[in-house]
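Right, one structure below, let's go through it.
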Amino acid sequence: MRILHFDFDDLGYPDGGGQARNNFEINRRLSHRHQITMVTSWYPGARNVTVEGIRYLRVGGGRFPWNHLAYFLAMRRVLKTIPHDLVVENFTAPIAMGFTTLYTDKPVVAFVHWLFAKEMAQKYHLPFHWVQNLGLHFYKHFIVATPYFAGVIRKHTPRATILINPIAREVRRQRSEFEDNYFLFLGRIDWHQKGLDFLLNAFALAANKTSIELRIAGG
């Protein structure tokens, strides 16, 4: 099967993170049986390459926020020129979706690790959340990272087919090189999108019952 997978991020992208890693791990498992083209935004040093059977195609480019706009505008051209049997679209900032369902008659699966247009609207004073809420109606099939996202989508599209990503639920335990016991948050320091508000509230409830400390690291 020919799979066309859209995601703004990539492992080599300066701000690429967990979503890019998740996509790579899934696609490399599927590349033995399917032909996968990963469409990402162009960034300095990026090239069209094939890695572990995954073909990477770079589109758009430029400085923020024009690189996001260029990426969304390139989706239609890619869908019209590259043959495919299935489309996977990762939602991304600032409006979440690129409305790929409008440009193809093939099945589209929305892969949702990002659903924060409301926070983007508050940050940039533009109604991104209106576009996000409207856009959810154009999709029927979703894979989500958390039950919270499933609930938000179900509110707008009650008949949607929603699967919680099994890869996101895998837990790998590794022995720490440090002797100290602590809880570690490692990632972008973002109040809303990374859930630091929930983390701090939850830890406050447990802090007087444990000697383990909470450490937060990131940029």
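A note on labels: chains of the structure tokens are A, B, ... as shown, every chain counts residues from 1, and ligands are counted from 1 in their shown order.
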
Residue contacts of Met38 (chain A) (8 Å, only C-alpha atoms) excluding same-chain residues fewer than 4 positions away, as a CSV table (one decimal) with N, CA, C and O atoms, in the first residue's frame:
```
chain,number,residue,atom,x,y,z
A,4,LEU,N,0.9,8.1,2.2
A,4,LEU,CA,1.4,9.4,2.1
A,4,LEU,C,1.2,10.1,3.5
A,4,LEU,O,0.0,10.2,4.0
A,5,HIS,N,2.3,10.3,4.2
A,5,HIS,CA,2.2,10.8,5.6
A,5,HIS,C,2.7,12.2,5.7
A,5,HIS,O,3.8,12.5,5.4
A,6,PHE,N,1.8,13.1,6.2
A,6,PHE,CA,2.1,14.5,6.4
A,6,PHE,C,2.4,14.8,7.8
A,6,PHE,O,1.6,14.5,8.7
A,7,ASP,N,3.6,15.5,8.1
A,7,ASP,CA,3.9,16.0,9.4
A,7,ASP,C,4.9,17.1,9.3
A,7,ASP,O,5.9,17.0,8.6
A,54,ILE,N,11.9,4.6,4.5
A,54,ILE,CA,10.9,5.7,4.5
A,54,ILE,C,11.4,6.8,3.6
A,54,ILE,O,12.6,7.3,3.8
A,55,ARG,N,10.7,7.2,2.5
A,55,ARG,CA,11.1,8.3,1.7
A,55,ARG,C,10.6,9.6,2.3
A,55,ARG,O,9.5,9.8,2.6
A,56,TYR,N,11.6,10.6,2.4
A,56,TYR,CA,11.3,11.9,3.0
A,56,TYR,C,11.3,12.9,1.9
A,56,TYR,O,12.2,13.1,1.1
A,57,LEU,N,10.2,13.7,1.8
A,57,LEU,CA,10.0,14.7,0.9
A,57,LEU,C,9.8,16.0,1.6
A,57,LEU,O,8.9,16.1,2.5
```

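Among the residues of region 85-160 of chain A, backbone DSSP assigns alpha helix (DSSP H) to Ala117, Lys118, Glu119, Met120, Ala121, Gln122, Lys123, Tyr124, Phe128, His129, Trp130, Val131, Gln132, Asn133, Leu134, Gly135, Pro147, Tyr148, Phe149, Ala150, Gly151, Val152, Ile153, Arg154, Lys155 and His156 of chain A.
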
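CA of Tyr139 (chain A) sits 25.8 Å away from CA of Tyr124 (chain A).
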
Could you tell me, as a ChimeraX atom specification, which residues of chain A DSSP assigns to strand (DSSP E or B) when given the backbone? /A:2-6,35-41,49-51,54-59,86-90,92,96,108-112,141-144,161-164,182-186,213-217

Between A:Pro44, A:Arg33, A:Gly218, A:Gly60, which residue has the minimum interatomic distance to Pro14 (chain A), considering only C-alpha atoms? A:Pro44

At a cut-off of 8 Å, using only C-alpha atoms, what residues contact Gly61 (chain A)? Leave out same-chain residues fewer than 6 positions from it and give the result as a count of residues only. 7

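Residue nearest Ile36 (chain A) within the list A:Leu186, A:Ala20, A:Ile3, A:Leu126: A:Ile3 [criterion: smallest interatomic distance, only C-alpha atoms].
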
Residues within 8 Å of Phe128 (chain A), only C-alpha atoms, excluding chain neighbours under 6 positions, as a PyMOL selection string: chain A and resi 94-95+117-118+120-121

Kindly save the residues from that selection, with N, CA, C and O atoms included, as a PDB file, in the first residue's frame.
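File again16.pdb, as written:
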```pdb
ATOM      1  N   PRO A  94      -0.488  26.352  13.467  1.00  0.00           N
ATOM      2  CA  PRO A  94      -1.302  26.900  14.554  1.00  0.00           C
ATOM      3  C   PRO A  94      -2.782  26.532  14.464  1.00  0.00           C
ATOM      4  O   PRO A  94      -3.526  26.762  15.402  1.00  0.00           O
ATOM      5  N   ILE A  95      -3.224  25.972  13.323  1.00  0.00           N
ATOM      6  CA  ILE A  95      -4.661  25.708  13.153  1.00  0.00           C
ATOM      7  C   ILE A  95      -4.986  24.223  13.187  1.00  0.00           C
ATOM      8  O   ILE A  95      -6.103  23.822  12.898  1.00  0.00           O
ATOM      9  N   ALA A 117      -5.242  24.795  19.267  1.00  0.00           N
ATOM     10  CA  ALA A 117      -5.505  26.038  18.538  1.00  0.00           C
ATOM     11  C   ALA A 117      -6.035  27.133  19.454  1.00  0.00           C
ATOM     12  O   ALA A 117      -5.801  28.321  19.217  1.00  0.00           O
ATOM     13  N   LYS A 118      -6.743  26.751  20.516  1.00  0.00           N
ATOM     14  CA  LYS A 118      -7.270  27.745  21.457  1.00  0.00           C
ATOM     15  C   LYS A 118      -6.135  28.491  22.129  1.00  0.00           C
ATOM     16  O   LYS A 118      -6.181  29.730  22.281  1.00  0.00           O
ATOM     17  N   MET A 120      -3.104  28.826  20.876  1.00  0.00           N
ATOM     18  CA  MET A 120      -2.480  29.632  19.836  1.00  0.00           C
ATOM     19  C   MET A 120      -3.287  30.907  19.583  1.00  0.00           C
ATOM     20  O   MET A 120      -2.726  31.978  19.322  1.00  0.00           O
ATOM     21  N   ALA A 121      -4.609  30.801  19.659  1.00  0.00           N
ATOM     22  CA  ALA A 121      -5.466  31.976  19.481  1.00  0.00           C
ATOM     23  C   ALA A 121      -5.214  33.004  20.576  1.00  0.00           C
ATOM     24  O   ALA A 121      -5.175  34.217  20.330  1.00  0.00           O
TER      25      ALA A 121
END
```

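Take CA of Asp15 (chain A) and CA of Phe64 (chain A): the distance between them is 11.9 Å.
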
Neighbour list for Val131 (chain A) as an MDAnalysis selection string, cut-off 9 Å, only C-alpha atoms, skip fewer than 4 positions in-chain: chainID A and resid 95:97 117 127 135:136

Same residues, C-alpha atoms, saved as a compact mmCIF listing (two decimals), in the first residue's frame:
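Contents of selection39.txt, freshly written:
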```
# COMPACT_ATOMS: atom_id res chain seq x y z
CA ILE A 95 -4.66 25.71 13.15
CA ALA A 96 -4.18 21.96 13.62
CA MET A 97 -5.29 20.53 10.27
CA ALA A 117 -5.50 26.04 18.54
CA PRO A 127 -9.28 32.82 15.83
CA GLY A 135 -11.99 21.36 10.59
CA LEU A 136 -12.64 18.38 12.87
```

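Nearest residue to Leu79 (chain A), choosing from A:Lys140, A:His125, A:Lys106, A:Arg58 and counting only C-alpha atoms: A:Lys106.
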
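Interatomic distance, CA of Gly53 (chain A) to CA of Phe24 (chain A): 10.7 Å.
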